[in-house]
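Take a look at the structure below.
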Amino acid sequence: MQLIMLGPPGAGKGTQAELLEKKLKVCKLSTGDMLRAAVKAGTEIGKQADAVMKAGQLVSDDIMIRLIRERIANIDCANGFILDGFPRTIAQAEALDVMLASMKKPLSLVIELTVNDEILVERIAGRFSCAKCGAGYHDTFKPTKAAGICDVCGSKEFTRRKDDTRETVKSRLEAYHAQTAPLLPYYQAKGILRSVDGMAEIGDVTLEINKVLESTSK
Ligand code: AMP
């Protein structure tokens, strides 16, 4: 199965992609995670992406398409994949279509998580993740079960993203509306877009996504 999670920053794409990855036994490709790893490792791409990400703008299509092309053909994606954060522009979506056509792996579904802009700032400002295994949490909506201890790996170290500040969120939302939202009619026209209310509780969003997956596999 080849899936795309679409929606503004903070809509819950990463959280749902993490759950779907386990359920569907496919690989999750998060371009945001890949770029943060590149920044941390100090690679050439990381150096170019760092300032752009801090400003809440989009990294160039060339870099992003190269990053995804290298990963998507890997053996761990043989069963399919979930894309979280890619494509983000029409140029990226068109490049993805070409890649998938050559791999004979057409897109199965694009799941849009719909959320009000106002609630996104609160959602994003409370996000943190385990520094060791990367499991994602939220101060209010998804705290760790035991205070200060990761549910998944038991680590006591957590991190917050540098771009999860109120100011940067504003730019990220503007980039979403200007450059990424045009992907909605693009995939709608292909008949593979399904929208799910991303404002519901995490578990309810998962249930809705599962319903969409069941109805499309029939
Ligand atoms: P995310 O973790 O998906 O919110 O991405 C964090 C930041 O990484 C974004 O604000 C962009 O600066 C950059 N980024 C991630 N994915 C892409 C993409 N597909 N195209 C351009 N920039 C991206």
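If you're wondering about the labels, chains in the structure tokens are A, B, ... by order shown, residues count from 1 in each chain, ligands from 1 in order shown.
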*Find the spatial neighbours of range 56-63 of chain A, counting only C-alpha atoms, within a cut-off of 12 Å - ignore same-chain residues fewer than 3 positions away - and output them as a VMD selection string.*
chain A and resid 9 31 to 32 34 to 36 38 44 to 53 66 to 70 85 to 96 161 to 180
*DSSP on the backbone: what in range 12-124 of chain A comes out strand (DSSP E), as JSON, numbers by chain?*
{"A": [27, 28, 29, 30, 81, 82, 83, 84, 109, 110, 111, 112, 113, 114]}
_Give me, as a list in words, all polymer residues having an atom no more than 10 Å from range 196-210 of chain A, counting only C-alpha atoms and skipping those fewer than 6 positions away in the same chain._
Gly7, Gly10, Ala11, Gly12, Lys13, Thr15, Gln16, Ala17, Leu19, Leu20, Lys23, Ile111, Glu112, Leu113, Thr114, Val115, Asn116, Ile119, Leu120, Phe141, Lys142 and Thr216 of chain A
What are the DSSP helix (DSSP H, G or I) residues of range 62-165 of chain A, as a PDB file with C-alpha atoms, in the first residue's frame?
ATOM      1  CA  ASP A  62      15.471  19.569  -5.941  1.00  0.00           C
ATOM      2  CA  ILE A  63      16.793  18.555  -2.535  1.00  0.00           C
ATOM      3  CA  MET A  64      13.508  17.017  -1.412  1.00  0.00           C
ATOM      4  CA  ILE A  65      12.975  14.991  -4.579  1.00  0.00           C
ATOM      5  CA  ARG A  66      16.559  13.692  -4.367  1.00  0.00           C
ATOM      6  CA  LEU A  67      16.063  12.703  -0.700  1.00  0.00           C
ATOM      7  CA  ILE A  68      12.853  10.776  -1.369  1.00  0.00           C
ATOM      8  CA  ARG A  69      14.126   9.132  -4.557  1.00  0.00           C
ATOM      9  CA  GLU A  70      17.072   7.670  -2.626  1.00  0.00           C
ATOM     10  CA  ARG A  71      14.860   6.262   0.136  1.00  0.00           C
ATOM     11  CA  ILE A  72      11.685   5.119  -1.574  1.00  0.00           C
ATOM     12  CA  ILE A  75      14.139  -2.759   0.389  1.00  0.00           C
ATOM     13  CA  ASP A  76      12.371  -1.796   3.647  1.00  0.00           C
ATOM     14  CA  CYS A  77       9.715  -0.075   1.497  1.00  0.00           C
ATOM     15  CA  ILE A  90       2.917  20.419  -7.015  1.00  0.00           C
ATOM     16  CA  ALA A  91       6.443  19.974  -8.457  1.00  0.00           C
ATOM     17  CA  GLN A  92       7.172  17.355  -5.758  1.00  0.00           C
ATOM     18  CA  ALA A  93       3.843  15.596  -6.419  1.00  0.00           C
ATOM     19  CA  GLU A  94       4.587  15.419 -10.149  1.00  0.00           C
ATOM     20  CA  ALA A  95       8.097  14.093  -9.520  1.00  0.00           C
ATOM     21  CA  LEU A  96       6.628  11.474  -7.162  1.00  0.00           C
ATOM     22  CA  ASP A  97       4.160  10.360  -9.845  1.00  0.00           C
ATOM     23  CA  VAL A  98       7.062   9.796 -12.243  1.00  0.00           C
ATOM     24  CA  MET A  99       9.047   7.809  -9.620  1.00  0.00           C
ATOM     25  CA  LEU A 100       6.065   5.619  -8.737  1.00  0.00           C
ATOM     26  CA  ALA A 101       5.159   4.984 -12.366  1.00  0.00           C
ATOM     27  CA  SER A 102       8.687   3.701 -13.014  1.00  0.00           C
ATOM     28  CA  MET A 103       8.441   1.475  -9.898  1.00  0.00           C
ATOM     29  CA  ASP A 117      -5.393  26.911  12.057  1.00  0.00           C
ATOM     30  CA  GLU A 118      -6.184  28.329  15.532  1.00  0.00           C
ATOM     31  CA  ILE A 119      -5.784  25.012  17.322  1.00  0.00           C
ATOM     32  CA  LEU A 120      -2.573  24.174  15.486  1.00  0.00           C
ATOM     33  CA  VAL A 121      -0.444  26.648  17.385  1.00  0.00           C
ATOM     34  CA  GLU A 122      -1.419  25.105  20.717  1.00  0.00           C
ATOM     35  CA  ARG A 123      -0.842  21.624  19.371  1.00  0.00           C
ATOM     36  CA  ILE A 124       2.567  22.425  17.984  1.00  0.00           C
ATOM     37  CA  ALA A 125       3.801  24.423  20.967  1.00  0.00           C
TER      38      ALA A 125
END
*For ligand 1, which residue among A:Ala146, A:Leu193, A:Leu184, A:Ala55 is the nearest when counting only C-alpha atoms and all ligand atoms?*
A:Ala55
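Considering the residues A:Val39, A:Val152, A:Cys27, A:Leu213 and counting only C-alpha atoms and all ligand atoms, ligand 1 has its shortest atom-to-atom contact with A:Val39.
Taking atom 14 (N, counted along the ligand's line) of ligand 1 and CA of Asp33 in chain A as endpoints, the distance between them is 8.7 Å.
CA of Ala78 in chain A sits 13.0 Å away from CA of Pro106 in chain A.
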_One decimal, in Å: what's the spacing between CA of Pro8 in chain A and atom 4 (O, counted along the ligand's line) of ligand 1?_
8.2 Å
_From A:Ser195, A:Ala73, A:Phe128, A:Ser30, residue lying nearest ligand 1 [only C-alpha atoms and all ligand atoms]_ = A:Ser30
